[in-house]
Amino acid sequence: MADNRDTAVIVGVGHGLGMALAQRFARAEMNVVMAARNAAKLEALASEFSGIVHHTIAVACDATREADVEALFQRVGAELGPPRLVVYNAGAFVRKGILETTAEEFERCWRAGCLGGFFVGREAVRAMLGAKTGGRHRGTIIFTGATASLRGGANFHNLAVGKFGLRALAQSMAREFQPQGIHVAHVIIDGQIEAERPGRSVAGRGPDAVLSPAAIAESYYQLHLQPPSAWTLELDLRPYVEKF
């Protein structure tokens, strides 16, 4: 085991929110585990990463494969101990009409949007319940949602179906495991996240017109810090100009 620092696991790391989460948790002096399906891309991100001064692990993991997720948490437990914070940030989306969508596309998006969340959430709970953690807060599990978590739009069924399911999963897990000391939260990202290059505006929309990955990451970390007497189940985040 590397040290006695708290460990954060992020499943679904890429440029943008995933990287911002890793940076924020690192600044909180947590060990950080970065997991994603594409091993080459993940290693490139890890090599670029600045700010993590503690133990860091980059793990290739396909969240839609049960064995991959089990192996991920086994490795985390062996090297860093049970995680205190787990974020499911993975997903897939193919924008098409119903009549053009293949069964393979529909299932693939659902597996990334929902089934992977079940695998990660289940293994996170197992790890947290097995930890020798004092107090009423064993750990935090956060699921990344979207506008499509609340409504399905034309040509967005491949996203909405998985996000609807992920939201339901978060609600059920919260009701089952919050009494056992695990804070489960679902965050609705209602708007476009800022592009890969910091400070880049979208079609001249101006500053703060899109969601800042760093600002979202700060909200995630503050969810983790909430005391058990006032836990948030669902949080929605959007730019000030977003219509809702």
# chains A, B, ... in the order shown; residues from 1 in each chain; ligands from 1
>>> residues_around(residues="stretch 40-47 of chain A", least_positions_apart="3", cutoff="8 Å", atoms="only C-alpha atoms", output="VMD selection string")
chain A and resid 13 to 15 34 to 37 58 to 60
>>> residues_around(residues="A:Ser149", least_positions_apart="5", cutoff="10 Å", atoms="only C-alpha atoms", output="PDB file with N, CA and C atoms, in the first residue's frame")
ATOM      1  N   THR A 144     -21.854  10.733 -13.321  1.00  0.00           N
ATOM      2  CA  THR A 144     -22.012  11.891 -14.212  1.00  0.00           C
ATOM      3  C   THR A 144     -23.209  11.692 -15.126  1.00  0.00           C
ATOM      4  N   LEU A 159     -28.205   8.217 -26.138  1.00  0.00           N
ATOM      5  CA  LEU A 159     -27.671   8.822 -24.923  1.00  0.00           C
ATOM      6  C   LEU A 159     -28.680   8.766 -23.787  1.00  0.00           C
ATOM      7  N   ALA A 160     -29.928   9.109 -24.088  1.00  0.00           N
ATOM      8  CA  ALA A 160     -30.932   9.254 -23.044  1.00  0.00           C
ATOM      9  C   ALA A 160     -31.257   7.935 -22.340  1.00  0.00           C
ATOM     10  N   VAL A 161     -31.348   6.858 -23.082  1.00  0.00           N
ATOM     11  CA  VAL A 161     -31.720   5.586 -22.467  1.00  0.00           C
ATOM     12  C   VAL A 161     -30.715   5.179 -21.393  1.00  0.00           C
ATOM     13  N   GLY A 162     -29.418   5.277 -21.706  1.00  0.00           N
ATOM     14  CA  GLY A 162     -28.404   4.941 -20.725  1.00  0.00           C
ATOM     15  C   GLY A 162     -28.385   5.904 -19.561  1.00  0.00           C
ATOM     16  N   LYS A 163     -28.544   7.218 -19.832  1.00  0.00           N
ATOM     17  CA  LYS A 163     -28.515   8.215 -18.768  1.00  0.00           C
ATOM     18  C   LYS A 163     -29.743   8.123 -17.864  1.00  0.00           C
ATOM     19  N   PHE A 164     -30.905   7.816 -18.434  1.00  0.00           N
ATOM     20  CA  PHE A 164     -32.092   7.569 -17.608  1.00  0.00           C
ATOM     21  C   PHE A 164     -31.806   6.428 -16.632  1.00  0.00           C
ATOM     22  N   GLY A 165     -31.233   5.352 -17.163  1.00  0.00           N
ATOM     23  CA  GLY A 165     -30.944   4.189 -16.333  1.00  0.00           C
ATOM     24  C   GLY A 165     -29.912   4.484 -15.266  1.00  0.00           C
ATOM     25  N   LEU A 166     -28.896   5.270 -15.620  1.00  0.00           N
ATOM     26  CA  LEU A 166     -27.852   5.616 -14.654  1.00  0.00           C
ATOM     27  C   LEU A 166     -28.431   6.427 -13.501  1.00  0.00           C
ATOM     28  N   ARG A 167     -29.338   7.334 -13.817  1.00  0.00           N
ATOM     29  CA  ARG A 167     -29.990   8.133 -12.769  1.00  0.00           C
ATOM     30  C   ARG A 167     -30.803   7.241 -11.831  1.00  0.00           C
ATOM     31  N   ALA A 168     -31.532   6.299 -12.408  1.00  0.00           N
ATOM     32  CA  ALA A 168     -32.305   5.366 -11.587  1.00  0.00           C
ATOM     33  C   ALA A 168     -31.389   4.523 -10.697  1.00  0.00           C
ATOM     34  N   HIS A 186     -25.703  11.967  -7.975  1.00  0.00           N
ATOM     35  CA  HIS A 186     -25.843  11.993  -9.426  1.00  0.00           C
ATOM     36  C   HIS A 186     -25.802  13.453  -9.861  1.00  0.00           C
ATOM     37  N   VAL A 187     -24.897  13.790 -10.796  1.00  0.00           N
ATOM     38  CA  VAL A 187     -24.721  15.172 -11.228  1.00  0.00           C
ATOM     39  C   VAL A 187     -25.193  15.321 -12.671  1.00  0.00           C
ATOM     40  N   ILE A 188     -26.166  16.195 -12.880  1.00  0.00           N
ATOM     41  CA  ILE A 188     -26.682  16.467 -14.222  1.00  0.00           C
ATOM     42  C   ILE A 188     -25.875  17.615 -14.826  1.00  0.00           C
ATOM     43  N   ILE A 189     -25.128  17.321 -15.863  1.00  0.00           N
ATOM     44  CA  ILE A 189     -24.371  18.343 -16.582  1.00  0.00           C
ATOM     45  C   ILE A 189     -25.275  18.875 -17.688  1.00  0.00           C
ATOM     46  N   ASP A 190     -25.912  20.012 -17.429  1.00  0.00           N
ATOM     47  CA  ASP A 190     -26.916  20.563 -18.347  1.00  0.00           C
ATOM     48  C   ASP A 190     -26.282  21.664 -19.190  1.00  0.00           C
TER      49      ASP A 190
END
>>> residues_around(residues="A:Glu218", least_positions_apart="6", cutoff="10 Å", atoms="only C-alpha atoms", output="PDB file with C-alpha atoms, in the first residue's frame")
ATOM      1  CA  ALA A  20     -10.048  18.156 -14.271  1.00  0.00           C
ATOM      2  CA  LEU A  21     -11.348  15.705 -11.672  1.00  0.00           C
ATOM      3  CA  ARG A  24      -8.746  18.580  -8.294  1.00  0.00           C
ATOM      4  CA  PHE A  25      -8.509  15.395  -6.254  1.00  0.00           C
ATOM      5  CA  SER A 212     -15.725  24.865 -17.088  1.00  0.00           C
ATOM      6  CA  HIS A 224     -17.503  14.488  -1.266  1.00  0.00           C
TER       7      HIS A 224
END
>>> select_by_dssp(residues="stretch 3-224 of chain A", states="alpha helix (DSSP H)", output="VMD selection string")
chain A and resid 17 to 27 39 to 48 66 to 79 103 to 110 116 to 129 157 to 177 213 to 224
>>> residues_around(residues="A:Phe73", least_positions_apart="5", cutoff="9 Å", atoms="only C-alpha atoms", output="PyMOL selection string")
chain A and resi 9+68+78+82-83+120+123-124+127
>>> residues_around(residues="A:Phe119", least_positions_apart="4", cutoff="7 Å", atoms="only C-alpha atoms", output="list in words")
Glu66, Val69, Leu115 and Glu123 of chain A
>>> write_last_selection(atoms="N, CA and C atoms", output="PDB file, in the first residue's frame")
ATOM      1  N   GLU A  66     -17.292  -6.692 -16.982  1.00  0.00           N
ATOM      2  CA  GLU A  66     -17.322  -6.952 -15.547  1.00  0.00           C
ATOM      3  C   GLU A  66     -15.954  -7.332 -15.006  1.00  0.00           C
ATOM      4  N   VAL A  69     -13.605  -4.323 -14.532  1.00  0.00           N
ATOM      5  CA  VAL A  69     -13.933  -3.490 -13.372  1.00  0.00           C
ATOM      6  C   VAL A  69     -13.532  -4.182 -12.077  1.00  0.00           C
ATOM      7  N   LEU A 115     -24.763   0.168 -17.889  1.00  0.00           N
ATOM      8  CA  LEU A 115     -24.241  -1.081 -17.341  1.00  0.00           C
ATOM      9  C   LEU A 115     -22.888  -0.877 -16.672  1.00  0.00           C
ATOM     10  N   GLU A 123     -18.823  -2.491  -7.367  1.00  0.00           N
ATOM     11  CA  GLU A 123     -17.493  -2.772  -6.828  1.00  0.00           C
ATOM     12  C   GLU A 123     -17.044  -1.686  -5.852  1.00  0.00           C
TER      13      GLU A 123
END
>>> atom_distance(atom1="atom CA of A:Pro239", atom2="atom CA of A:Arg111")
28.9 Å
>>> closest_residue(among="A:Ala112, A:Val33, A:Val241, A:Ile141", to="A:Arg75", atoms="only C-alpha atoms")
A:Val33
>>> atom_distance(atom1="atom CA of A:Gln222", atom2="atom CA of A:Arg126")
23.2 Å
>>> closest_residue(among="A:Arg84, A:Arg238, A:Arg122, A:Arg65", to="A:Ala146", atoms="only C-alpha atoms")
A:Arg238
>>> atom_distance(atom1="atom CA of A:Phe106", atom2="atom CA of A:Ala63")
16.5 Å
>>> select_by_dssp(residues="stretch 100-223 of chain A", states="strand (DSSP E or B)", output="list in words")
Gly139, Thr140, Ile141, Ile142, Phe143, Thr144, Gly145, Ala146, Ile182, His183, Val184, Ala185, His186, Val187, Ile188, Ile189, Ile193 and Leu211 of chain A
>>> write_last_selection(atoms="C-alpha atoms", output="mmCIF file, in the first residue's frame")
data_model
loop_
_atom_site.group_PDB
_atom_site.id
_atom_site.type_symbol
_atom_site.label_atom_id
_atom_site.label_comp_id
_atom_site.auth_asym_id
_atom_site.auth_seq_id
_atom_site.Cartn_x
_atom_site.Cartn_y
_atom_site.Cartn_z
ATOM 1 C CA GLY A 139 -17.047 6.998 1.027
ATOM 2 C CA THR A 140 -18.636 8.833 -1.902
ATOM 3 C CA ILE A 141 -19.803 7.533 -5.283
ATOM 4 C CA ILE A 142 -20.660 10.095 -7.981
ATOM 5 C CA PHE A 143 -22.278 9.385 -11.354
ATOM 6 C CA THR A 144 -22.012 11.891 -14.212
ATOM 7 C CA GLY A 145 -25.360 12.558 -15.836
ATOM 8 C CA ALA A 146 -26.528 14.919 -18.575
ATOM 9 C CA ILE A 182 -21.954 5.648 1.534
ATOM 10 C CA HIS A 183 -22.856 8.955 -0.084
ATOM 11 C CA VAL A 184 -24.239 8.368 -3.590
ATOM 12 C CA ALA A 185 -24.762 11.391 -5.840
ATOM 13 C CA HIS A 186 -25.843 11.993 -9.426
ATOM 14 C CA VAL A 187 -24.721 15.172 -11.228
ATOM 15 C CA ILE A 188 -26.682 16.467 -14.222
ATOM 16 C CA ILE A 189 -24.371 18.343 -16.582
ATOM 17 C CA ILE A 193 -18.470 21.415 -21.373
ATOM 18 C CA LEU A 211 -19.271 24.656 -18.415
#
>>> closest_residue(among="A:Pro213, A:Pro228, A:Gly153, A:Gly130", to="A:Gly77", atoms="only C-alpha atoms")
A:Gly130
>>> closest_residue(among="A:Met30, A:Ala71, A:Cys109, A:Ile216", to="A:Leu85", atoms="only C-alpha atoms")
A:Met30
>>> decode(residues="stretch 175-187 of chain A", atoms="N, CA and C atoms", output="compact mmCIF listing (two decimals), in the first residue's frame")
# COMPACT_ATOMS: atom_id res chain seq x y z
N ARG A 175 -30.62 5.05 -1.76
CA ARG A 175 -31.60 4.60 -0.76
C ARG A 175 -31.15 3.33 -0.05
N GLU A 176 -30.37 2.51 -0.75
CA GLU A 176 -29.91 1.27 -0.13
C GLU A 176 -28.67 1.48 0.73
N PHE A 177 -27.74 2.32 0.28
CA PHE A 177 -26.43 2.36 0.93
C PHE A 177 -26.11 3.63 1.71
N GLN A 178 -26.87 4.69 1.52
CA GLN A 178 -26.58 5.86 2.35
C GLN A 178 -26.79 5.57 3.84
N PRO A 179 -27.79 4.76 4.22
CA PRO A 179 -27.90 4.42 5.64
C PRO A 179 -26.70 3.64 6.17
N GLN A 180 -25.90 3.08 5.25
CA GLN A 180 -24.70 2.34 5.65
C GLN A 180 -23.44 3.20 5.53
N GLY A 181 -23.63 4.49 5.28
CA GLY A 181 -22.50 5.41 5.30
C GLY A 181 -21.85 5.71 3.97
N ILE A 182 -22.51 5.36 2.85
CA ILE A 182 -21.95 5.65 1.53
C ILE A 182 -22.80 6.72 0.86
N HIS A 183 -22.17 7.83 0.56
CA HIS A 183 -22.86 8.95 -0.08
C HIS A 183 -22.88 8.70 -1.59
N VAL A 184 -24.07 8.58 -2.15
CA VAL A 184 -24.24 8.37 -3.59
C VAL A 184 -24.87 9.62 -4.18
N ALA A 185 -24.26 10.17 -5.22
CA ALA A 185 -24.76 11.39 -5.84
C ALA A 185 -24.77 11.26 -7.36
N HIS A 186 -25.70 11.97 -7.97
CA HIS A 186 -25.84 11.99 -9.43
C HIS A 186 -25.80 13.45 -9.86
N VAL A 187 -24.90 13.79 -10.80
CA VAL A 187 -24.72 15.17 -11.23
C VAL A 187 -25.19 15.32 -12.67
